[in-house]
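Enquirer: Structure incoming, see below.
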Amino acid sequence: MLIERFSLNPLATNTYVVADSHGDTWIVDPCAVDMSPVIDFVAARGLNVRAIVNTHCHFDHVLGNESIRAHYDAPLWLHRAELPNLHGAPARAQSFLQTTITTRDPDRFLDAGECLSLGDLSFQVLLTPGHSPGGVCLYEANEGVLLSGDTLFAGSVGRWDLPGSDYEQLVVSLRDVLWPLPDATIVYPGHEEDTTISEERMVNPYFRF
């Protein structure tokens, strides 16, 4: 399994290139208008982009959706509850970053609990609202990997003071969905460095139940 992180915008949002052993690839949360570092990496490795996945649709996670979509003719997947954030992303990108983007509706909606195949990998969609109404994490049990979006960070959690966010929902997502995962699970968050479930149990003040 290959996971490569790219932090490409002023908010230090992470984009992940995720690939199986045969080169089947997802691009998770394209975070910049200029996605050329990701495109160059994919080309250098000879990877085959099969889909774009948004863990959620706050503007900093979708800035590169359409450029990646056009470059690879790849479908876009996200949870239905994220459509308001997706539709509002151009205005917020302009307001916060003075950046012009366009967005189009996804090709497929993700459902809580479903399993998504990426070649020989199988990711379970974990619905984790709180930071965002339709925020999801992607969990690969055999590899012990969690792409956590902005639900869980190293030492912190996603904000709950944004439109559509909800602290009580976030607590439920952390306690009932992520806390039961194995200690050794590697967490790849939407911002900053990776961590583990074990580490977050010990040091994260929001992740103690």
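Chain labels A, B, ... are given in the sequence in which chains occur in the structure tokens; within each chain residues are numbered consecutively from 1, and ligands are likewise numbered from 1 in the order shown.
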For Glu199 in chain A, find every residue with an atom within 10 Å (counting only C-alpha atoms), except residues of its own chain fewer than 3 positions away, and show them as a list in words.
Expert: Ala154, Gly155, Asp183, Ala184, Thr185, Ile186, Val187, Thr195, Thr196, Met202, Val203, Asn204 and Phe207 of chain A
Enquirer: Leaving out Arg45 in chain A and any residue of its chain fewer than 4 positions from it, which residues lie within 10 Å of it when counting only C-alpha atoms, given as a list of chain:residue names?
Expert: A:Gly23, A:Asp40, A:Phe41
Enquirer: Please save N, CA and C atoms of the selected residues as an mmCIF file, in the first residue's frame.
Expert:
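Everything below was put into again_36.cif:
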```
data_model
loop_
_atom_site.group_PDB
_atom_site.id
_atom_site.type_symbol
_atom_site.label_atom_id
_atom_site.label_comp_id
_atom_site.auth_asym_id
_atom_site.auth_seq_id
_atom_site.Cartn_x
_atom_site.Cartn_y
_atom_site.Cartn_z
ATOM 1 N N GLY A 23 -1.014 -0.246 -8.424
ATOM 2 C CA GLY A 23 -1.051 1.116 -8.910
ATOM 3 C C GLY A 23 -2.425 1.737 -9.053
ATOM 4 N N ASP A 40 2.473 15.168 -11.078
ATOM 5 C CA ASP A 40 3.835 14.729 -11.406
ATOM 6 C C ASP A 40 4.190 13.450 -10.658
ATOM 7 N N PHE A 41 3.780 13.359 -9.401
ATOM 8 C CA PHE A 41 4.055 12.162 -8.603
ATOM 9 C C PHE A 41 3.348 10.951 -9.191
#
```
Enquirer: Name all residues at most 12 Å from range 69-71 of chain A (count only C-alpha atoms; drop same-chain ones fewer than 2 positions away) and give them as a PyMOL selection string.
Expert: chain A and resi 26-30+33-36+38-40+42-43+48-53+62-67+73-77+102-107
Enquirer: Would you pick out the contacts of range 108-112 of chain A at 6 Å or less, using only C-alpha atoms, so that residues sharing its chain but fewer than 5 positions from it are not included, and give the list as a PyMOL selection string?
Expert: chain A and resi 77-80+125-127
Enquirer: Please produce an output containing N, CA and C atoms for each residue in the selection, written as a CSV table (one decimal), in the first residue's frame.
Expert:
```csv
chain,number,residue,atom,x,y,z
A,77,TRP,N,-16.3,11.3,-5.5
A,77,TRP,CA,-17.1,10.6,-4.5
A,77,TRP,C,-17.2,11.5,-3.2
A,78,LEU,N,-18.3,11.6,-2.6
A,78,LEU,CA,-18.4,12.2,-1.3
A,78,LEU,C,-19.8,11.9,-0.7
A,79,HIS,N,-20.0,12.2,0.6
A,79,HIS,CA,-21.3,12.0,1.2
A,79,HIS,C,-22.3,13.0,0.8
A,80,ARG,N,-23.5,12.6,0.7
A,80,ARG,CA,-24.6,13.5,0.2
A,80,ARG,C,-24.7,14.7,1.2
A,125,VAL,N,-16.3,2.9,4.7
A,125,VAL,CA,-16.7,4.3,4.9
A,125,VAL,C,-17.3,4.5,6.3
A,126,LEU,N,-16.6,5.3,7.2
A,126,LEU,CA,-17.1,5.5,8.5
A,126,LEU,C,-17.6,6.9,8.5
A,127,LEU,N,-18.9,7.1,8.8
A,127,LEU,CA,-19.5,8.4,8.8
A,127,LEU,C,-19.2,9.0,10.2
```
Enquirer: Please determine, counting only C-alpha atoms, which residue among A:Leu116, A:Val171, A:Ala32, A:Leu178 has the shortest atom-to-atom distance to Leu97 in chain A.
Expert: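 Selected residue with least distance to Leu97 in chain A: A:Ala32.
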Enquirer: Would you return as a VMD selection string the members of chain A that DSSP assigns to helix (DSSP H, G or I) on this structure's backbone?
Expert: chain A and resid 36 to 45 59 to 61 65 to 72 80 to 97 167 to 178 197 to 203
Enquirer: Write to file, as a short mmCIF file (atom, residue, chain, number, x, y, z; two decimals), in the first residue's frame, the residues of the selection just made, with C-alpha atoms.
Expert:
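And here's selection.cif as it stands now:
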```cif
data_model
loop_
_atom_site.label_atom_id
_atom_site.label_comp_id
_atom_site.auth_asym_id
_atom_site.auth_seq_id
_atom_site.Cartn_x
_atom_site.Cartn_y
_atom_site.Cartn_z
CA SER A 36 0.89 19.68 -10.45
CA PRO A 37 3.00 18.16 -7.63
CA VAL A 38 0.40 15.40 -7.27
CA ILE A 39 0.04 14.95 -11.03
CA ASP A 40 3.83 14.73 -11.41
CA PHE A 41 4.06 12.16 -8.60
CA VAL A 42 1.31 10.03 -10.12
CA ALA A 43 3.02 10.12 -13.52
CA ALA A 44 6.45 9.29 -12.09
CA ARG A 45 5.06 6.26 -10.28
CA PHE A 59 -13.34 24.70 0.65
CA ASP A 60 -9.72 23.93 1.53
CA HIS A 61 -10.31 20.23 0.80
CA ASN A 65 -11.42 18.71 -7.35
CA GLU A 66 -12.14 19.96 -10.84
CA SER A 67 -8.55 20.17 -12.06
CA ILE A 68 -7.92 16.56 -10.98
CA ARG A 69 -11.30 15.48 -12.34
CA ALA A 70 -10.52 16.97 -15.74
CA HIS A 71 -6.93 15.72 -15.90
CA TYR A 72 -7.79 12.10 -15.18
CA ARG A 80 -24.60 13.51 0.25
CA ALA A 81 -24.72 15.66 3.39
CA GLU A 82 -21.65 17.53 2.11
CA LEU A 83 -23.42 19.02 -0.91
CA PRO A 84 -24.11 22.39 0.81
CA ASN A 85 -20.41 22.73 1.64
CA LEU A 86 -19.44 21.74 -1.89
CA HIS A 87 -21.84 24.27 -3.39
CA GLY A 88 -20.58 26.98 -1.02
CA ALA A 89 -16.90 26.29 -1.59
CA PRO A 90 -16.34 28.77 -4.47
CA ALA A 91 -17.58 31.71 -2.41
CA ARG A 92 -15.54 30.69 0.62
CA ALA A 93 -12.40 30.11 -1.47
CA GLN A 94 -12.79 33.60 -2.89
CA SER A 95 -13.46 35.12 0.53
CA PHE A 96 -10.66 33.41 2.47
CA LEU A 97 -7.96 32.91 -0.18
CA TYR A 167 -19.86 19.35 19.07
CA GLU A 168 -22.21 16.66 20.39
CA GLN A 169 -22.10 14.84 17.05
CA LEU A 170 -18.32 15.11 17.02
CA VAL A 171 -18.09 13.50 20.46
CA VAL A 172 -20.30 10.62 19.32
CA SER A 173 -18.16 10.13 16.20
CA LEU A 174 -14.96 10.07 18.23
CA ARG A 175 -16.31 7.86 21.01
CA ASP A 176 -18.45 5.39 19.07
CA VAL A 177 -16.71 5.20 15.69
CA LEU A 178 -13.00 5.95 16.07
CA ILE A 197 -5.03 5.64 17.65
CA SER A 198 -2.82 4.53 20.54
CA GLU A 199 -0.98 7.84 20.62
CA GLU A 200 -4.21 9.81 20.55
CA ARG A 201 -5.62 7.78 23.42
CA MET A 202 -2.64 8.92 25.49
CA VAL A 203 -2.14 12.56 24.49
#
```
Enquirer: Just how far from CA of Thr13 in chain A is CA of Ser156 in chain A, in Å to one decimal?
Expert: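 About the pair CA of Ser156 in chain A and CA of Thr13 in chain A: they are 14.9 Å apart.
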Enquirer: Interatomic distance between CA of Gly164 in chain A and CA of Cys31 in chain A?
Expert: 20.5 Å
Enquirer: Just list the residues in chain A DSSP gives strand (DSSP E) on the backbone, as JSON, numbers by chain.
Expert: {"A": [2, 3, 4, 5, 6, 7, 14, 15, 16, 17, 18, 19, 24, 25, 26, 27, 28, 48, 49, 50, 51, 52, 53, 76, 77, 78, 79, 108, 109, 110, 115, 116, 117, 118, 121, 122, 123, 124, 125, 126, 127, 136, 137, 138, 139, 140, 145, 146, 147, 148, 149, 152, 153, 156, 157, 186, 187, 188, 189, 195, 196]}
Enquirer: Please list as a list in words every residue within 10 Å of Asn142 in chain A, counting only C-alpha atoms and excluding residues in the same chain fewer than 5 positions away.
Expert: Leu121, Ser122, Phe123 and Thr185 of chain A
Enquirer: What separation in Å, quoted to one decimal, exists between CA of Ser21 in chain A and CA of Glu143 in chain A?
Expert: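 The value is 12.1 Å.
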